[in-house]
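Q: File name work.cif; file contents mmCIF, C-alpha atoms; full text below.
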```cif
data_protein
#
loop_
_atom_site.label_atom_id
_atom_site.label_comp_id
_atom_site.auth_asym_id
_atom_site.auth_seq_id
_atom_site.Cartn_x
_atom_site.Cartn_y
_atom_site.Cartn_z
CA MET L 17 -17.43 -10.88 23.64
CA LYS L 18 -14.55 -10.73 26.12
CA SER L 19 -12.81 -13.50 24.18
CA LEU L 20 -13.42 -11.63 20.89
CA LEU L 21 -12.02 -8.39 22.30
CA LEU L 22 -8.92 -10.14 23.66
CA LYS L 23 -8.30 -11.84 20.30
CA ARG L 24 -8.43 -8.49 18.54
CA ILE L 25 -6.15 -6.78 21.05
CA CYS L 26 -3.75 -9.70 20.55
CA SER L 27 -3.87 -9.02 16.80
CA SER L 28 -2.84 -5.36 17.14
CA TYR L 29 -3.42 -2.40 19.43
CA GLU L 30 -5.30 -0.67 16.60
CA ALA L 31 -7.66 -3.62 16.18
CA GLY L 32 -8.28 -3.67 19.93
CA ARG L 33 -8.99 0.06 20.06
CA SER L 34 -11.30 0.07 17.05
CA THR L 35 -13.17 -2.98 18.38
CA ALA L 36 -13.79 -1.28 21.72
CA GLU L 37 -15.11 1.75 19.82
CA LYS L 38 -17.43 -0.43 17.74
CA LEU L 39 -18.75 -2.25 20.79
CA LEU L 40 -19.51 1.16 22.29
CA GLY L 41 -21.49 2.00 19.16
CA ARG L 42 -19.04 4.72 18.07
CA GLY L 43 -17.57 3.07 14.97
CA SER L 44 -18.92 1.68 11.75
CA MET L 45 -18.70 -2.07 11.70
CA GLU L 46 -18.88 -2.11 7.88
CA GLU L 47 -15.65 -0.14 7.50
CA ASP L 48 -13.18 -2.14 9.52
CA TRP L 49 -14.87 -5.22 10.98
CA ALA L 50 -13.14 -8.44 10.03
CA GLU L 51 -14.10 -9.95 6.71
CA GLY L 52 -16.43 -12.92 6.67
CA GLU L 53 -17.38 -12.79 10.35
CA ASP L 54 -21.18 -12.68 10.30
CA ASP L 55 -21.31 -14.63 13.56
CA GLU L 56 -19.35 -11.88 15.28
CA GLU L 57 -21.76 -9.28 13.90
CA GLU L 58 -24.65 -11.09 15.55
CA MET L 59 -22.68 -11.33 18.80
CA ARG L 60 -21.98 -7.61 18.66
CA GLU L 61 -25.63 -6.64 18.19
CA SER L 62 -26.67 -8.91 21.06
CA PHE L 63 -23.91 -7.52 23.26
CA LEU L 64 -24.79 -3.87 22.59
CA SER L 65 -28.41 -4.39 23.53
CA ASN L 66 -27.38 -5.72 26.96
CA LEU L 67 -24.32 -3.57 27.73
CA SER L 68 -24.06 -2.93 31.48
CA PRO L 69 -22.58 0.28 32.97
CA ALA L 70 -19.54 -1.69 34.19
CA GLU L 71 -18.95 -3.20 30.74
CA GLU L 72 -19.30 0.19 29.09
CA ALA L 73 -16.79 1.69 31.52
CA CYS L 74 -14.36 -1.18 30.81
CA LEU L 75 -14.61 -0.65 27.03
CA LYS L 76 -14.00 3.08 27.44
CA THR L 77 -10.88 2.34 29.49
CA VAL L 78 -9.56 -0.06 26.83
CA SER L 79 -10.14 2.51 24.09
CA ARG L 80 -8.54 5.34 26.08
CA LEU L 81 -5.43 3.32 26.98
CA LEU L 82 -4.82 2.02 23.47
CA GLU L 83 -5.18 5.39 21.76
CA GLN L 84 -2.56 7.16 23.88
CA GLU L 85 0.38 8.48 21.88
CA SER L 86 2.81 6.91 24.33
CA VAL L 87 1.48 3.43 23.53
CA ARG L 88 3.64 1.91 20.79
CA ASP L 89 2.75 -1.38 19.18
CA LYS L 90 5.93 -3.47 19.24
CA LYS L 91 4.61 -5.68 16.44
CA LEU L 92 4.93 -2.78 13.99
CA GLU L 93 8.52 -2.08 14.96
CA THR L 94 9.36 -5.80 14.79
CA ILE L 95 7.92 -6.07 11.26
CA ARG L 96 9.95 -3.06 10.11
CA TRP L 97 13.15 -4.48 11.65
CA PHE L 98 12.76 -7.83 9.91
CA LEU L 99 12.01 -6.13 6.60
CA THR L 100 14.96 -3.74 6.70
CA GLU L 101 17.58 -5.14 9.09
CA PHE L 102 17.32 -8.91 9.50
CA ARG L 103 19.15 -10.81 6.78
CA THR L 104 18.90 -14.36 5.43
CA ASP L 105 20.74 -15.66 2.38
CA GLY L 106 22.50 -12.30 2.13
CA LYS L 107 19.32 -10.21 1.81
CA ASN L 108 16.87 -8.53 4.15
CA TRP L 109 13.23 -9.64 4.00
CA LEU L 110 12.21 -6.63 1.93
CA GLU L 111 14.65 -7.70 -0.77
CA HIS L 112 13.29 -11.25 -0.65
CA GLY L 113 9.74 -9.93 -0.81
CA CYS L 114 7.26 -10.39 2.04
CA ILE L 115 3.58 -11.10 2.61
CA ILE L 116 2.16 -10.03 5.98
CA PHE L 117 -1.06 -11.70 7.15
CA SER L 118 -3.78 -10.74 9.63
CA GLN L 119 -7.20 -12.25 10.12
CA TYR L 120 -8.61 -8.77 10.79
CA TYR L 121 -9.03 -6.03 8.21
CA ASP L 122 -8.37 -3.18 10.62
CA THR L 123 -5.02 -4.71 11.61
CA ALA L 124 -4.03 -5.27 7.96
CA ALA L 125 -5.02 -1.75 6.89
CA HIS L 126 -3.20 -0.18 9.83
CA VAL L 127 -0.01 -2.19 9.20
CA ALA L 128 -0.05 -1.36 5.47
CA GLY L 129 -0.47 2.38 6.08
CA TRP L 130 2.15 2.51 8.82
CA LEU L 131 4.70 0.53 6.81
CA ALA L 132 4.22 2.68 3.70
CA ALA L 133 4.89 5.82 5.73
CA GLU L 134 8.01 4.25 7.25
CA LEU L 135 9.41 2.83 3.99
CA GLY L 136 8.97 6.01 1.95
CA ASP L 137 9.22 5.20 -1.76
CA GLU L 138 8.42 1.51 -1.33
CA PRO L 139 4.87 0.66 -2.50
CA VAL L 140 2.85 -1.45 -0.08
CA ALA L 141 -0.26 -3.33 -1.23
CA LEU L 142 -3.25 -4.16 0.94
CA TYR L 143 -4.92 -7.29 -0.46
CA ALA L 144 -8.37 -7.84 1.05
CA GLY L 145 -11.97 -8.65 0.17
CA VAL L 146 -13.67 -7.37 -2.97
CA GLY L 147 -13.57 -3.59 -3.11
CA ARG L 148 -11.35 -3.21 -0.04
CA SER L 149 -7.84 -3.55 -1.48
CA ARG L 150 -5.59 -0.50 -1.63
CA LEU L 151 -2.13 0.59 -2.75
CA PHE L 152 -0.08 2.69 -0.32
CA LEU L 153 2.91 4.90 -1.13
CA GLY L 154 4.38 7.13 1.54
CA HIS L 155 1.51 8.89 3.33
CA SER L 156 -0.99 8.48 0.49
CA SER L 157 -3.15 5.59 -0.68
CA ALA L 158 -5.69 4.78 -3.35
CA ALA L 159 -8.20 2.01 -3.96
CA GLU L 160 -6.90 -0.75 -6.21
CA GLU L 161 -8.36 -3.92 -7.70
CA ARG L 162 -6.87 -7.25 -6.69
CA GLU L 163 -5.85 -8.39 -10.17
CA PRO L 164 -3.46 -5.45 -10.79
CA ILE L 165 -1.90 -6.12 -7.38
CA LYS L 166 -1.30 -9.77 -8.28
CA ARG L 167 0.27 -8.80 -11.60
CA ALA L 168 2.53 -6.23 -9.95
CA VAL L 169 3.71 -8.80 -7.39
CA LYS L 170 4.36 -11.34 -10.13
CA ASN L 171 6.42 -8.74 -12.05
CA ARG L 172 8.29 -7.89 -8.81
CA GLU L 173 7.02 -4.30 -8.91
CA ILE L 174 5.55 -4.76 -5.42
CA ARG L 175 7.64 -6.45 -2.74
CA VAL L 176 5.42 -5.99 0.31
CA VAL L 177 1.83 -7.26 0.51
CA VAL L 178 -0.33 -7.00 3.63
CA ALA L 179 -3.26 -9.40 3.34
CA THR L 180 -6.31 -10.59 5.18
CA ASP L 181 -7.30 -14.23 4.98
CA ALA L 182 -9.31 -13.31 1.87
CA ALA L 183 -5.95 -13.89 0.14
CA CYS L 184 -5.52 -17.39 1.52
CA GLU L 185 -7.10 -19.33 -1.32
CA GLY L 186 -6.48 -19.17 -5.04
CA LEU L 187 -3.57 -16.73 -4.81
CA ASN L 188 -0.04 -17.52 -6.00
CA LEU L 189 2.68 -15.21 -4.66
CA GLN L 190 5.76 -17.37 -5.05
CA THR L 191 7.83 -14.32 -6.05
CA LEU L 192 7.72 -13.37 -2.35
CA GLY L 193 10.18 -15.30 -0.18
CA THR L 194 9.12 -14.47 3.40
CA LEU L 195 5.92 -14.43 5.45
CA ILE L 196 4.96 -12.63 8.67
CA ASN L 197 1.85 -13.49 10.70
CA CYS L 198 0.65 -10.49 12.69
CA ASP L 199 -1.74 -12.84 14.43
CA LEU L 200 -2.24 -16.59 14.36
CA PRO L 201 -5.77 -17.88 13.76
CA TRP L 202 -6.98 -20.72 15.95
CA ASN L 203 -7.76 -22.57 12.73
CA PRO L 204 -4.64 -24.61 11.86
CA SER L 205 -5.73 -25.27 8.28
CA ARG L 206 -5.81 -21.51 7.68
CA MET L 207 -2.19 -21.31 8.77
CA GLU L 208 -1.34 -23.91 6.14
CA GLN L 209 -3.25 -21.89 3.55
CA ARG L 210 -1.28 -18.76 4.38
CA LEU L 211 2.07 -20.47 3.98
CA GLY L 212 0.84 -22.08 0.79
CA ARG L 213 0.66 -18.65 -0.90
CA ILE L 214 4.46 -18.56 -1.21
CA LYS L 215 5.60 -22.13 -0.56
CA ARG L 216 4.72 -23.52 -3.97
CA PHE L 217 6.16 -24.42 -7.37
CA GLY L 218 8.08 -21.51 -8.84
CA GLN L 219 9.45 -20.30 -5.49
CA SER L 220 13.09 -19.34 -6.12
CA ARG L 221 14.17 -19.84 -2.50
CA GLU L 222 15.03 -23.32 -1.28
CA CYS L 223 13.54 -22.47 2.13
CA VAL L 224 11.09 -19.66 2.85
CA ASP L 225 11.17 -17.77 6.17
CA MET L 226 8.10 -17.35 8.40
CA LEU L 227 7.75 -15.13 11.49
CA ASN L 228 4.86 -15.48 13.96
CA LEU L 229 4.16 -12.50 16.24
CA VAL L 230 2.53 -13.03 19.64
CA TYR L 231 2.34 -10.68 22.63
CA ARG L 232 4.06 -12.12 25.68
CA GLY L 233 1.92 -13.12 28.64
CA THR L 234 -1.39 -13.29 26.74
CA LEU L 235 -3.92 -16.05 26.23
CA ASP L 236 -2.72 -16.32 22.64
CA GLU L 237 0.82 -17.11 23.75
CA ARG L 238 -0.39 -19.94 25.98
CA ILE L 239 -2.63 -21.38 23.28
CA TYR L 240 0.06 -21.19 20.59
CA SER L 241 2.66 -22.81 22.82
CA VAL L 242 0.39 -25.83 23.09
CA LEU L 243 -0.56 -25.81 19.42
CA SER L 244 2.97 -25.43 18.10
CA GLU L 245 4.15 -28.46 20.07
CA ARG L 246 1.14 -30.71 19.64
CA MET L 247 0.36 -29.80 16.03
CA LYS L 248 3.86 -30.71 14.90
CA ASN L 249 3.43 -34.16 16.46
CA ILE L 250 0.00 -34.57 14.85
CA TYR L 251 1.22 -33.40 11.44
CA ASP L 252 4.26 -35.68 11.60
CA LEU L 253 1.99 -38.64 12.32
CA PHE L 254 -0.87 -38.01 9.94
CA GLY L 255 0.25 -35.33 7.48
CA SER L 256 -2.78 -33.20 8.34
CA LEU L 257 -4.19 -30.98 11.07
CA PRO L 258 -7.67 -30.56 12.61
CA GLU L 259 -9.84 -28.47 10.30
CA THR L 260 -10.54 -25.98 13.06
CA ILE L 261 -9.83 -25.17 16.69
CA ASP L 262 -13.19 -24.21 18.18
CA ASP L 263 -13.31 -21.43 20.79
CA ALA L 264 -14.66 -24.02 23.22
CA TRP L 265 -11.37 -25.90 22.97
CA ILE L 266 -9.31 -23.09 24.43
CA ASP L 267 -11.16 -22.23 27.64
CA GLU L 268 -8.32 -23.87 29.52
CA GLN L 269 -4.94 -25.21 28.49
CA GLU L 270 -5.89 -28.63 29.88
CA SER L 271 -9.08 -28.64 27.79
CA LEU L 272 -7.10 -27.99 24.62
CA GLN L 273 -4.72 -30.83 25.47
CA GLU L 274 -7.67 -33.20 25.91
CA ARG L 275 -9.25 -32.16 22.60
CA LEU L 276 -6.01 -32.69 20.72
CA ASP L 277 -5.47 -36.07 22.39
CA LYS L 278 -8.96 -37.09 21.26
CA TYR L 279 -8.16 -36.00 17.69
CA VAL L 280 -4.96 -38.08 17.69
CA HIS L 281 -6.83 -41.11 19.07
CA GLU L 282 -9.61 -40.88 16.46
CA ARG L 283 -7.15 -40.47 13.59
CA ASP L 284 -5.07 -43.39 14.88
CA GLU L 285 -8.17 -45.61 14.96
CA ALA L 286 -9.02 -44.59 11.38
CA ARG L 287 -5.48 -45.36 10.24
CA ASN L 288 -5.55 -48.80 11.89
CA ALA L 289 -8.87 -49.59 10.18
CA PHE L 290 -7.35 -48.69 6.81
CA THR L 291 -4.30 -50.85 7.50
CA LEU L 292 -6.41 -53.88 8.42
CA THR L 293 -8.50 -53.46 5.28
CA TYR L 294 -5.82 -52.87 2.67
CA ASP L 295 -2.46 -54.09 3.91
CA ASP L 296 -3.08 -57.69 2.86
CA ARG L 297 -3.72 -56.52 -0.72
CA LEU L 298 -0.24 -55.11 -1.13
CA ASP L 299 2.63 -57.37 -2.07
CA PRO L 300 5.72 -56.16 -0.14
CA GLU L 301 7.98 -58.25 -2.42
CA ALA L 302 6.73 -56.61 -5.63
CA ASP L 303 8.78 -53.93 -7.33
CA GLN L 304 6.30 -51.04 -7.52
CA TRP L 305 8.55 -49.09 -9.91
CA GLU L 306 7.90 -51.68 -12.62
CA GLU L 307 4.37 -50.32 -12.92
CA CYS L 308 5.66 -46.82 -13.76
CA SER L 309 6.20 -45.99 -17.41
CA ARG L 310 7.91 -42.71 -16.48
CA VAL L 311 9.23 -41.15 -13.29
CA LEU L 312 9.34 -37.34 -13.09
CA SER L 313 12.12 -35.53 -11.29
CA ARG L 314 11.34 -32.45 -9.20
CA ARG L 315 12.66 -30.23 -12.00
CA ASP L 316 10.42 -32.00 -14.53
CA ILE L 317 7.41 -31.33 -12.31
CA GLU L 318 8.30 -27.65 -11.84
CA GLU L 319 8.69 -27.13 -15.58
CA GLU L 320 5.38 -28.89 -16.25
CA MET L 321 3.51 -26.88 -13.62
CA ASP L 322 5.00 -23.57 -14.81
CA LYS L 323 3.31 -24.07 -18.20
CA GLY L 324 -0.04 -23.27 -16.58
CA TRP L 325 -3.40 -24.52 -17.80
#
```
Hey, can you dump this file as structure tokens for me?
A:
Amino acid sequence: MKSLLLKRICSSYEAGRSTAEKLLGRGSMEEDWAEGEDDEEEMRESFLSNLSPAEEACLKTVSRLLEQESVRDKKLETIRWFLTEFRTDGKNWLEHGCIIFSQYYDTAAHVAGWLAAELGDEPVALYAGVGRSRLFLGHSSAAEEREPIKRAVKNREIRVVVATDAACEGLNLQTLGTLINCDLPWNPSRMEQRLGRIKRFGQSRECVDMLNLVYRGTLDERIYSVLSERMKNIYDLFGSLPETIDDAWIDEQESLQERLDKYVHERDEARNAFTLTYDDRLDPEADQWEECSRVLSRRDIEEEMDKGW
């Protein structure tokens, strides 16, 4: 539960505060608890039934510190600055269109509401699980279905979408040209899924921009520093990443290094087995292009894919 609480604080101050309140039995888990985390629900119930006086006092301290008006979440201010001030290709990120991801619903809802209040007349969509999506404008908001949000983004009527990982699969938002991660899941494949929402056929930008936000001096920063270095090497070698980074991997930085080394070794062995099996069947002197009746250019592929099903 300590690891869970730290992960949520590293997502946003609001997520950390609301989690402490829930663990104290003060908040409704159904309202803001992260989507699709039944295992965490079981952990929470088990934790509450065995909460010691010292643990309760610690949770109260966390909640009290994070709800003080003087505490300002720098992630929020950083997101606003990139949207309105930072420029690439002659435009700020708001003009390019931006999707902002969090793995936790309470972080996503808080960011969407705060941004809408800051941006004034700019609509901000919250794209989440079924029945939990909303549309924000200024200081007001209303429930909205996901399909109308997708249509509005496609028609460029909405330029800012804040999404939970419920938006990771089956969603095409290539009209948005930038991506901000409020938090980085320890599941590398989910990171690929997030980027895949905008980095796809039909994207008008040659290169999309991505910003990853991490609080300095936290466990997350240490874990991500290892992942960002090692995962690039693994992806360059094999074109894929481990399906998941288990919590057990990240107890210590050295443990994570060992797990990743083991993954590289196992994938290398699999690749060598494939090479021994199939390499002798390929004729290096043959002209493989002779077998192709037609070769598609990138533009041909884009035009074909834009036709839809």
Q: Run the PyMOL selection byres ((chain L and resi 26-30) around 10) on the file and write out the hits as a PyMOL selection string.
A: chain L and resi 20-25+31-36+78-79+81-83+87-92+118-120+122-127+197-201+229-232+234-237
Q: What separation in Å, quoted to one decimal, exists between CA of Ala179 in chain L and CA of Glu318 in chain L?
A: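 If I compute the distance from CA of Ala179 in chain L to CA of Glu318 in chain L, I get 26.4 Å.
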Q: Which residues match the PyMOL selection byres ((chain L and resi 152) around 12) in the file above, as a PyMOL selection string?
A: chain L and resi 125-143+149-151+153-160+165+174+176-178
Q: CA of Arg213 in chain L and CA of Leu189 in chain L, how far apart in Å?
A: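 CA of Arg213 in chain L lies at a distance of 5.5 Å from CA of Leu189 in chain L.
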Q: Please compute the CA of Pro164 in chain L-CA of Arg210 in chain L distance, one decimal, in Å.
A: 20.3 Å
Q: Rank L:Val169, L:Met226, L:Leu110, L:Met207 by their smallest atom-to-atom distance to Trp97 in chain L, using all atoms listed in the file, and report the top residue only.
A: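 Of L:Val169, L:Met226, L:Leu110, L:Met207, the one nearest Trp97 in chain L, counting all atoms listed in the file, is L:Leu110.
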Q: Rank L:Arg315, L:Lys323, L:Arg206, L:Arg172 by their smallest atom-to-atom distance to His112 in chain L, using all atoms listed in the file, and report the top residue only.
A: L:Arg172
Q: May I have the residues within 9 Å of Gln219 in chain L as a VMD selection string, using only C-alpha atoms and disregarding those fewer than 3 positions away in the same chain?
A: chain L and resid 189 to 193 214 to 216 222 to 224
Q: Restricting the calculation to all atoms listed in the file, which member of L:Asp225, L:Ile196, L:Gly218, L:Glu208 is positioned closest to Lys107 in chain L?
A: L:Asp225
Q: Tell me which of L:Glu85, L:Arg167, L:Arg175, L:Leu39 sits closest to Glu71 in chain L, counting only C-alpha atoms.
A: L:Leu39
Q: List the neighbours of Phe217 in chain L out to 10 Å using only C-alpha atoms; skip same-chain residues closer than 6 positions along the sequence, and give me the result as a PDB file with C-alpha atoms, in the frame of the given file.
A:
```
ATOM      1  CA  ASN L 188      -0.040 -17.520  -6.000  1.00  0.00           C
ATOM      2  CA  GLN L 190       5.760 -17.370  -5.050  1.00  0.00           C
ATOM      3  CA  ARG L 314      11.340 -32.450  -9.200  1.00  0.00           C
ATOM      4  CA  ARG L 315      12.660 -30.230 -12.000  1.00  0.00           C
ATOM      5  CA  ILE L 317       7.410 -31.330 -12.310  1.00  0.00           C
ATOM      6  CA  GLU L 318       8.300 -27.650 -11.840  1.00  0.00           C
ATOM      7  CA  GLU L 319       8.690 -27.130 -15.580  1.00  0.00           C
ATOM      8  CA  GLU L 320       5.380 -28.890 -16.250  1.00  0.00           C
ATOM      9  CA  MET L 321       3.510 -26.880 -13.620  1.00  0.00           C
ATOM     10  CA  ASP L 322       5.000 -23.570 -14.810  1.00  0.00           C
TER      11      ASP L 322
END
```
Q: Of the candidates L:Thr94, L:Ser68, L:Thr100, L:Thr77, which one gets nearest to Leu227 in chain L if we count all atoms listed in the file?
A: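 Closest residue, counting all atoms listed in the file: L:Thr94.
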